file my_file-v1.cif (mmCIF, C-alpha atoms)
data_structure
#
loop_
_atom_site.label_atom_id
_atom_site.label_comp_id
_atom_site.auth_asym_id
_atom_site.auth_seq_id
_atom_site.Cartn_x
_atom_site.Cartn_y
_atom_site.Cartn_z
CA MET V 874 120.78 95.14 85.83
CA SER V 875 120.25 94.33 89.46
CA SER V 876 121.01 90.70 90.40
CA GLY V 877 118.28 90.55 93.04
CA SER V 878 115.19 92.73 93.31
CA LYS V 879 111.93 92.92 95.21
CA LEU V 880 109.22 94.49 93.09
CA LEU V 881 105.82 95.51 94.41
CA LEU V 882 102.82 94.73 92.22
CA ILE V 883 100.24 97.36 93.21
CA GLY V 884 96.71 97.66 91.86
CA LEU V 885 93.11 97.85 92.98
CA ARG V 886 90.59 95.09 92.34
CA GLY V 887 90.27 94.19 88.67
CA SER V 888 93.37 96.08 87.56
CA GLY V 889 94.89 93.03 85.84
CA LYS V 890 97.76 92.06 88.16
CA THR V 891 97.27 88.29 87.91
CA SER V 892 96.61 88.42 84.15
CA TYR V 893 99.88 90.29 83.74
CA LEU V 894 101.76 87.62 85.71
CA ALA V 895 100.11 84.81 83.74
CA ALA V 896 101.07 86.29 80.37
CA LEU V 897 104.53 87.24 81.65
CA TRP V 898 105.21 83.69 82.80
CA HIS V 899 104.15 82.23 79.46
CA LEU V 900 106.27 84.75 77.55
CA ILE V 901 109.51 84.04 79.41
CA GLU V 902 108.95 80.31 79.84
CA ALA V 903 107.85 79.52 76.27
CA GLY V 904 110.43 81.72 74.53
CA GLU V 905 108.17 82.15 71.48
CA VAL V 906 109.12 85.79 70.85
CA ALA V 907 112.11 87.95 71.70
CA SER V 908 112.15 89.59 75.13
CA ALA V 909 114.68 91.58 77.14
CA LEU V 910 114.47 89.06 80.00
CA THR V 911 114.34 85.30 79.61
CA ALA V 912 114.02 82.29 81.91
CA SER V 913 117.57 81.34 82.87
CA GLN V 914 116.76 77.91 84.27
CA LEU V 915 113.99 75.71 85.59
CA GLN V 916 112.03 77.87 88.01
CA PRO V 917 111.93 76.73 91.65
CA ASP V 918 108.18 77.13 92.19
CA ARG V 919 105.99 76.82 89.12
CA GLU V 920 102.69 75.43 90.41
CA TYR V 921 100.94 78.78 90.86
CA LEU V 922 102.43 80.26 87.69
CA ASN V 923 101.48 77.22 85.61
CA GLY V 924 97.94 77.35 86.95
CA ILE V 925 97.29 80.96 85.97
CA ARG V 926 99.16 80.48 82.68
CA ASP V 927 96.91 77.55 81.77
CA SER V 928 93.83 79.74 82.23
CA TRP V 929 95.43 82.42 80.07
CA LEU V 930 96.19 79.90 77.30
CA LYS V 931 92.62 78.54 77.39
CA PHE V 932 91.12 82.05 76.97
CA GLN V 933 89.62 81.88 80.45
CA GLU V 934 89.42 84.62 83.04
CA VAL V 935 92.59 84.25 85.08
CA GLY V 936 90.66 85.04 88.25
CA ARG V 937 91.30 87.37 91.13
CA THR V 938 93.60 86.85 94.05
CA SER V 939 91.70 86.56 97.32
CA LEU V 940 92.85 87.86 100.67
CA ARG V 941 93.34 84.28 101.85
CA SER V 942 95.26 82.93 98.86
CA GLN V 943 97.93 85.48 98.11
CA GLU V 944 101.04 84.23 96.35
CA THR V 945 104.63 85.39 96.18
CA VAL V 946 106.24 84.73 92.80
CA SER V 947 109.99 84.12 92.55
CA LEU V 948 111.58 84.25 89.11
CA GLN V 949 115.15 83.42 88.10
CA LEU V 950 115.77 85.33 84.88
CA ARG V 951 118.59 86.31 82.58
CA ASP V 952 119.28 89.54 80.72
CA ALA V 953 119.11 88.55 77.05
CA ARG V 954 121.67 91.22 76.10
CA THR V 955 124.31 90.90 78.84
CA GLY V 956 123.65 87.39 80.13
CA ALA V 957 123.45 88.68 83.73
CA ALA V 958 121.41 86.57 86.14
CA ILE V 959 118.44 88.30 87.78
CA ASP V 960 116.41 87.10 90.74
CA LEU V 961 112.97 88.69 91.09
CA VAL V 962 110.38 88.46 93.84
CA LEU V 963 106.85 89.78 93.15
CA PRO V 964 103.95 89.24 95.56
CA ASP V 965 100.60 88.78 93.79
CA LEU V 966 98.43 90.56 96.35
CA SER V 967 94.67 90.97 96.39
CA GLY V 968 93.23 94.26 95.18
CA GLU V 969 91.05 94.13 98.29
CA LEU V 970 94.19 94.30 100.43
CA PHE V 971 95.12 97.61 98.79
CA ARG V 972 91.59 98.95 99.23
CA LEU V 973 91.65 98.07 102.93
CA GLN V 974 95.11 99.55 103.24
CA TRP V 975 93.83 102.86 101.91
CA VAL V 976 90.64 102.83 104.01
CA THR V 977 92.20 101.80 107.33
CA ARG V 978 95.63 103.41 106.88
CA LYS V 979 97.13 100.11 108.03
CA ALA V 980 99.32 97.56 106.28
CA THR V 981 100.00 93.95 107.18
CA ARG V 982 103.36 93.23 108.76
CA ALA V 983 104.34 91.08 105.76
CA TYR V 984 103.53 93.91 103.33
CA ALA V 985 105.38 96.50 105.41
CA ASP V 986 108.47 94.30 105.58
CA PHE V 987 108.45 93.70 101.82
CA ALA V 988 107.81 97.37 101.00
CA ALA V 989 110.73 98.37 103.25
CA ASP V 990 113.14 96.64 100.86
CA ALA V 991 111.29 97.20 97.57
CA SER V 992 113.43 98.39 94.67
CA GLY V 993 110.59 99.21 92.27
CA ILE V 994 106.83 99.28 91.73
CA LEU V 995 104.61 97.91 88.99
CA LEU V 996 101.42 100.00 89.29
CA LEU V 997 98.49 98.54 87.36
CA ILE V 998 95.39 100.50 86.35
CA HIS V 999 92.36 99.33 84.39
CA PRO V 1000 91.32 101.92 81.74
CA ALA V 1001 87.68 101.78 82.88
CA VAL V 1002 88.47 103.71 86.06
CA GLU V 1003 85.55 105.69 87.40
CA LYS V 1004 85.45 109.38 86.67
CA SER V 1005 85.30 111.99 89.41
CA GLN V 1006 81.77 113.01 90.34
CA LEU V 1007 80.62 116.13 88.51
CA ILE V 1008 78.86 118.79 90.60
CA PRO V 1009 76.53 121.26 88.80
CA VAL V 1010 77.33 124.92 89.29
CA PRO V 1011 74.28 126.79 90.67
CA GLY V 1012 72.68 129.15 88.17
CA SER V 1013 74.30 127.62 85.08
CA ASP V 1014 74.37 124.52 82.92
CA VAL V 1015 78.09 124.04 83.60
CA THR V 1016 79.46 121.23 85.72
CA CYS V 1017 82.77 121.22 87.50
CA GLN V 1018 84.78 118.92 89.71
CA TYR V 1019 85.18 119.69 93.40
CA ALA V 1020 87.83 118.13 95.58
CA SER V 1021 85.45 118.98 98.43
CA VAL V 1022 81.93 120.39 98.35
CA PRO V 1023 81.43 123.92 99.76
CA ALA V 1024 79.26 123.68 102.88
CA ASP V 1025 76.68 126.24 101.66
CA LEU V 1026 76.46 125.08 98.05
CA GLU V 1027 73.04 123.41 98.44
CA THR V 1028 71.69 126.47 100.26
CA ARG V 1029 72.89 128.73 97.47
CA GLY V 1030 71.30 126.40 94.93
CA SER V 1031 67.94 126.56 96.71
CA ALA V 1032 68.06 130.36 96.79
CA ARG V 1033 68.49 130.47 93.02
CA GLY V 1034 65.51 128.30 92.22
CA SER V 1035 64.00 124.89 92.78
CA ASP V 1036 65.30 123.56 89.44
CA THR V 1037 68.89 124.10 90.52
CA ALA V 1038 68.14 122.73 93.97
CA ASP V 1039 66.73 119.55 92.44
CA ARG V 1040 69.92 119.10 90.47
CA LEU V 1041 72.07 119.32 93.59
CA LYS V 1042 71.76 115.84 95.04
CA PHE V 1043 74.51 115.27 97.56
CA ARG V 1044 75.42 112.05 99.24
CA GLU V 1045 77.24 111.81 102.50
CA TRP V 1046 80.90 111.21 101.74
CA SER V 1047 82.35 107.75 102.11
CA HIS V 1048 85.66 106.25 101.05
CA ASN V 1049 83.88 104.48 98.17
CA LEU V 1050 83.30 107.86 96.51
CA SER V 1051 87.00 108.74 96.34
CA PRO V 1052 88.49 108.72 92.83
CA THR V 1053 90.85 105.92 91.88
CA GLN V 1054 93.74 108.31 91.33
CA VAL V 1055 93.51 109.58 94.92
CA LYS V 1056 93.82 106.02 96.21
CA LEU V 1057 96.72 105.20 93.90
CA VAL V 1058 98.71 108.30 94.85
CA GLU V 1059 98.32 107.49 98.53
CA LEU V 1060 99.27 103.84 97.99
CA LEU V 1061 102.51 105.09 96.43
CA GLN V 1062 103.07 107.45 99.35
CA PHE V 1063 102.55 104.59 101.80
CA VAL V 1064 105.42 102.70 100.15
CA ILE V 1065 107.67 105.75 100.38
CA PHE V 1066 106.86 105.98 104.09
CA LEU V 1067 107.57 102.29 104.71
CA ARG V 1068 110.75 102.10 102.68
CA LYS V 1069 114.14 101.95 104.40
CA SER V 1070 116.27 103.24 101.53
CA ILE V 1071 116.43 106.87 100.43
CA THR V 1072 117.44 105.91 96.88
CA PRO V 1073 114.96 106.67 94.07
CA LEU V 1074 112.01 104.30 93.79
CA PRO V 1075 111.15 103.72 90.11
CA VAL V 1076 107.53 103.15 89.08
CA ALA V 1077 106.33 101.41 85.93
CA VAL V 1078 102.70 102.40 85.41
CA ILE V 1079 100.79 99.79 83.39
CA VAL V 1080 97.42 100.71 81.92
CA SER V 1081 96.03 97.21 81.47
CA ALA V 1082 93.42 96.03 78.94
CA TRP V 1083 94.88 98.57 76.50
CA ASP V 1084 92.77 97.04 73.73
CA LEU V 1085 89.83 98.91 75.31
CA VAL V 1086 91.53 102.24 74.53
CA ARG V 1087 90.26 102.82 71.00
CA ASP V 1088 91.87 106.19 70.29
CA PRO V 1089 95.44 106.32 68.91
CA VAL V 1090 97.05 107.85 71.99
CA LEU V 1091 100.31 107.31 73.84
CA PRO V 1092 99.98 105.82 77.33
CA VAL V 1093 101.56 108.89 78.93
CA SER V 1094 98.97 111.13 77.25
CA TRP V 1095 96.15 108.82 78.35
CA LEU V 1096 97.34 109.09 81.94
CA GLU V 1097 97.56 112.89 81.74
CA ASN V 1098 93.99 113.12 80.44
CA HIS V 1099 92.28 110.49 82.59
CA LEU V 1100 94.24 110.50 85.85
CA PRO V 1101 95.79 113.98 86.02
CA LEU V 1102 96.44 113.86 89.78
CA LEU V 1103 98.52 110.70 89.45
CA SER V 1104 100.28 112.06 86.37
CA GLN V 1105 101.16 115.31 88.16
CA PHE V 1106 102.31 113.44 91.27
CA LEU V 1107 104.74 111.36 89.21
CA ALA V 1108 105.97 114.42 87.30
CA ALA V 1109 106.52 116.41 90.51
CA ASN V 1110 108.48 113.55 92.08
CA ALA V 1111 110.48 112.51 89.01
CA ASP V 1112 113.80 112.79 90.86
CA THR V 1113 112.84 110.43 93.67
CA MET V 1114 110.24 108.36 91.76
CA PRO V 1115 111.26 108.07 88.08
CA SER V 1116 108.45 106.59 86.02
CA GLN V 1117 107.54 105.14 82.66
CA ILE V 1118 103.98 104.65 81.41
CA TYR V 1119 102.94 101.56 79.45
CA GLY V 1120 99.75 100.47 77.76
CA ILE V 1121 99.49 96.68 77.86
CA SER V 1122 96.96 94.14 76.67
CA ALA V 1123 98.00 90.88 78.33
CA LEU V 1124 94.97 89.00 76.95
CA GLY V 1125 95.12 90.55 73.49
CA GLY V 1126 91.46 91.49 73.36
CA ASP V 1127 88.02 90.81 74.78
CA LEU V 1128 87.53 87.12 75.61
CA VAL V 1129 84.00 87.24 74.17
CA LYS V 1130 84.01 89.75 71.31
CA ASP V 1131 87.53 88.95 70.08
CA LEU V 1132 87.63 85.23 70.87
CA GLU V 1133 87.71 84.01 67.26
CA ARG V 1134 90.57 86.34 66.35
CA LEU V 1135 92.53 85.33 69.44
CA ARG V 1136 92.06 81.63 68.69
CA HIS V 1137 93.47 82.11 65.20
CA GLU V 1138 96.77 83.40 66.61
CA ALA V 1139 99.13 80.42 66.28
CA VAL V 1140 101.73 81.86 68.67
CA PRO V 1141 100.10 82.73 72.02
CA SER V 1142 102.80 85.25 72.99
CA ARG V 1143 101.87 87.37 69.98
CA ARG V 1144 98.48 88.05 71.56
CA ILE V 1145 100.32 90.30 73.99
CA LYS V 1146 100.50 93.97 73.01
CA VAL V 1147 102.82 96.48 74.68
CA PHE V 1148 102.87 100.24 74.00
CA ALA V 1149 105.32 102.70 75.56
CA ASN V 1150 106.72 105.89 74.04
CA LYS V 1151 105.57 105.12 70.51
CA LEU V 1152 102.35 103.97 68.90
CA GLU V 1153 104.26 100.94 67.66
CA THR V 1154 103.60 97.70 69.52
CA SER V 1155 105.82 94.93 70.83
CA ASN V 1156 105.14 91.66 72.64
CA ASP V 1157 107.74 92.16 75.36
CA LEU V 1158 105.95 92.13 78.72
CA THR V 1159 109.33 92.23 80.46
CA ALA V 1160 109.87 95.85 79.31
CA PRO V 1161 108.35 97.44 82.47
CA ILE V 1162 110.46 95.17 84.68
CA GLY V 1163 113.56 96.00 82.66
CA PHE V 1164 112.87 99.70 83.19
CA LEU V 1165 112.64 99.21 86.96
CA LEU V 1166 115.84 97.18 87.13
CA ASN V 1167 117.81 99.64 85.00
CA GLN V 1168 116.62 102.57 87.11
CA SER V 1169 117.58 100.72 90.30
CA ASP V 1170 121.08 100.13 88.94
CA GLU V 1171 121.49 103.80 88.02
CA SER V 1172 120.43 104.95 91.51
CA SER V 1173 122.93 102.62 93.18
CA VAL V 1174 125.91 103.92 91.19
#

call {"tool": "encode", "arguments": {"input": "my_file-v1.cif", "output": "structure tokens"}}
result
Amino acid sequence: MSSGSKLLLIGLRGSGKTSYLAALWHLIEAGEVASALTASQLQPDREYLNGIRDSWLKFQEVGRTSLRSQETVSLQLRDARTGAAIDLVLPDLSGELFRLQWVTRKATRAYADFAADASGILLLIHPAVEKSQLIPVPGSDVTCQYASVPADLETRGSARGSDTADRLKFREWSHNLSPTQVKLVELLQFVIFLRKSITPLPVAVIVSAWDLVRDPVLPVSWLENHLPLLSQFLAANADTMPSQIYGISALGGDLVKDLERLRHEAVPSRRIKVFANKLETSNDLTAPIGFLLNQSDESSV
């Protein structure tokens, strides 16, 4: 595994980035369950991590990172199997920063400098992403998705009857109407553009709040069905952007509906649920990071 790595934590507002870090810190610091990566020594800067971990332990909302209070997390870890020391740097950036980055096509100097040397990406997605707007097809009861609306569609609808015309209610396009997967694909492309190295850039996709996904489905299949553009982008760029898809519940359930069950769990780390290529669960939140580090090592050989 790589001895020193800069990993980007990318996700829009509410995607679970800070909750992931809070649960990750508790997992590696407490050592309650087995994990591929462990805390090798006393961490140099624990104030921020302890603060968000305390909220996680108390079943409180971890909170969102604001544009003015963004933190950079440094972790000194050890590979549990080989004993190799690993230094990680992960900025906990506001989801609003990523939204503005997509809207304005501009990145802060600090972000651009970090992305230039990034060796991997943790891409977080909340499962309650909005669905693409459905446009009714004139003259039928069928709806379909349009990447862009034909200019004469409303005119054609009016010609076929007022009922169809009434159903065709168009709003002027704005960036707020763009699907989440469009934004995420472009955020990945921005990193590729900013990066100095031409080596592969691995991506660990984390579908957070996995407890909300009620159907027995693998994370990769969920991504294919719900965010096909992102899934196809990763598949088409597998050589330069190898990826692994995870379903993760860092909180272990809903903090209202499942609170009693969560409180009865004697070992907090066991609240964490991680799914990857199988429907079997683990508690190892370090698995996505381990994937990124292993892929980085392979690309440097």

call {"tool": "atom_distance", "arguments": {"input": "my_file-v1.cif", "atom1": "CA of Ala895 in chain V", "atom2": "CA of Pro1052 in chain V"}}
result
28.1 Å

call {"tool": "resolve_selection", "arguments": {"input": "my_file-v1.cif", "expression": "the PyMOL selection byres ((chain V and resi 961) around 9)", "output": "PyMOL selection string"}}
result
chain V and resi 876-880+946-950+959-960+962-963

call {"tool": "atom_distance", "arguments": {"input": "my_file-v1.cif", "atom1": "CA of Asn1049 in chain V", "atom2": "CA of Leu970 in chain V"}}
result
14.7 Å

call {"tool": "resolve_selection", "arguments": {"input": "my_file-v1.cif", "expression": "the PyMOL selection byres ((chain V and resi 885) around 7)", "output": "ChimeraX atom specification"}}
result
/V:884,886-888,968-969,971-972

call {"tool": "resolve_selection", "arguments": {"input": "my_file-v1.cif", "expression": "the PyMOL selection byres ((chain V and resi 944) around 8)", "output": "list in words"}}
result
Tyr921, Ser942, Gln943, Thr945, Val946, Pro964, Asp965 and Leu966 of chain V

call {"tool": "closest_residue", "arguments": {"input": "my_file-v1.cif", "among": "V:Ser1116, V:Ser908, V:Ser1047, V:Gln1105", "to": "Ala1077 in chain V", "atoms": "all atoms listed in the file"}}
result
V:Ser1116

call {"tool": "closest_residue", "arguments": {"input": "my_file-v1.cif", "among": "V:Gln1168, V:Thr891, V:Gln1062, V:Thr1053", "to": "Leu1107 in chain V", "atoms": "all atoms listed in the file"}}
result
V:Gln1062

call {"tool": "decode", "arguments": {"input": "my_file-v1.cif", "residues": "range 1064-1076 of chain V", "atoms": "N, CA, C and O atoms", "output": "JSON list (two decimals), in the first residue's frame"}}
result
[["chain", "number", "residue", "atom", "x", "y", "z"],
["V", 1064, "VAL", "N", -11.48, 16.80, -11.94],
["V", 1064, "VAL", "CA", -10.28, 16.29, -11.27],
["V", 1064, "VAL", "C", -9.28, 15.76, -12.29],
["V", 1064, "VAL", "O", -8.07, 16.01, -12.19],
["V", 1065, "ILE", "N", -9.78, 15.05, -13.28],
["V", 1065, "ILE", "CA", -8.89, 14.54, -14.34],
["V", 1065, "ILE", "C", -8.17, 15.69, -15.02],
["V", 1065, "ILE", "O", -6.96, 15.63, -15.31],
["V", 1066, "PHE", "N", -8.89, 16.78, -15.27],
["V", 1066, "PHE", "CA", -8.30, 17.95, -15.93],
["V", 1066, "PHE", "C", -7.23, 18.60, -15.05],
["V", 1066, "PHE", "O", -6.18, 19.03, -15.54],
["V", 1067, "LEU", "N", -7.48, 18.66, -13.75],
["V", 1067, "LEU", "CA", -6.56, 19.35, -12.83],
["V", 1067, "LEU", "C", -5.35, 18.51, -12.46],
["V", 1067, "LEU", "O", -4.32, 19.05, -12.05],
["V", 1068, "ARG", "N", -5.44, 17.22, -12.63],
["V", 1068, "ARG", "CA", -4.42, 16.32, -12.13],
["V", 1068, "ARG", "C", -3.13, 16.39, -12.95],
["V", 1068, "ARG", "O", -3.15, 16.47, -14.17],
["V", 1069, "LYS", "N", -2.00, 16.32, -12.26],
["V", 1069, "LYS", "CA", -0.70, 16.35, -12.93],
["V", 1069, "LYS", "C", -0.33, 15.00, -13.53],
["V", 1069, "LYS", "O", 0.20, 14.91, -14.63],
["V", 1070, "SER", "N", -0.59, 13.95, -12.77],
["V", 1070, "SER", "CA", -0.15, 12.61, -13.17],
["V", 1070, "SER", "C", -1.06, 12.02, -14.25],
["V", 1070, "SER", "O", -2.25, 12.33, -14.31],
["V", 1071, "ILE", "N", -0.48, 11.16, -15.07],
["V", 1071, "ILE", "CA", -1.27, 10.45, -16.09],
["V", 1071, "ILE", "C", -1.55, 9.02, -15.65],
["V", 1071, "ILE", "O", -2.10, 8.22, -16.42],
["V", 1072, "THR", "N", -1.16, 8.66, -14.43],
["V", 1072, "THR", "CA", -1.45, 7.33, -13.91],
["V", 1072, "THR", "C", -2.95, 7.20, -13.63],
["V", 1072, "THR", "O", -3.64, 8.20, -13.44],
["V", 1073, "PRO", "N", -3.47, 5.96, -13.60],
["V", 1073, "PRO", "CA", -4.89, 5.78, -13.32],
["V", 1073, "PRO", "C", -5.31, 6.42, -12.00],
["V", 1073, "PRO", "O", -4.53, 6.45, -11.03],
["V", 1074, "LEU", "N", -6.53, 6.92, -11.98],
["V", 1074, "LEU", "CA", -7.09, 7.57, -10.80],
["V", 1074, "LEU", "C", -8.25, 6.72, -10.28],
["V", 1074, "LEU", "O", -9.36, 6.78, -10.82],
["V", 1075, "PRO", "N", -8.02, 5.90, -9.25],
["V", 1075, "PRO", "CA", -9.09, 5.02, -8.77],
["V", 1075, "PRO", "C", -10.20, 5.79, -8.06],
["V", 1075, "PRO", "O", -9.95, 6.82, -7.42],
["V", 1076, "VAL", "N", -11.42, 5.27, -8.16],
["V", 1076, "VAL", "CA", -12.59, 5.90, -7.55],
["V", 1076, "VAL", "C", -13.35, 4.85, -6.75],
["V", 1076, "VAL", "O", -13.72, 3.80, -7.27]]
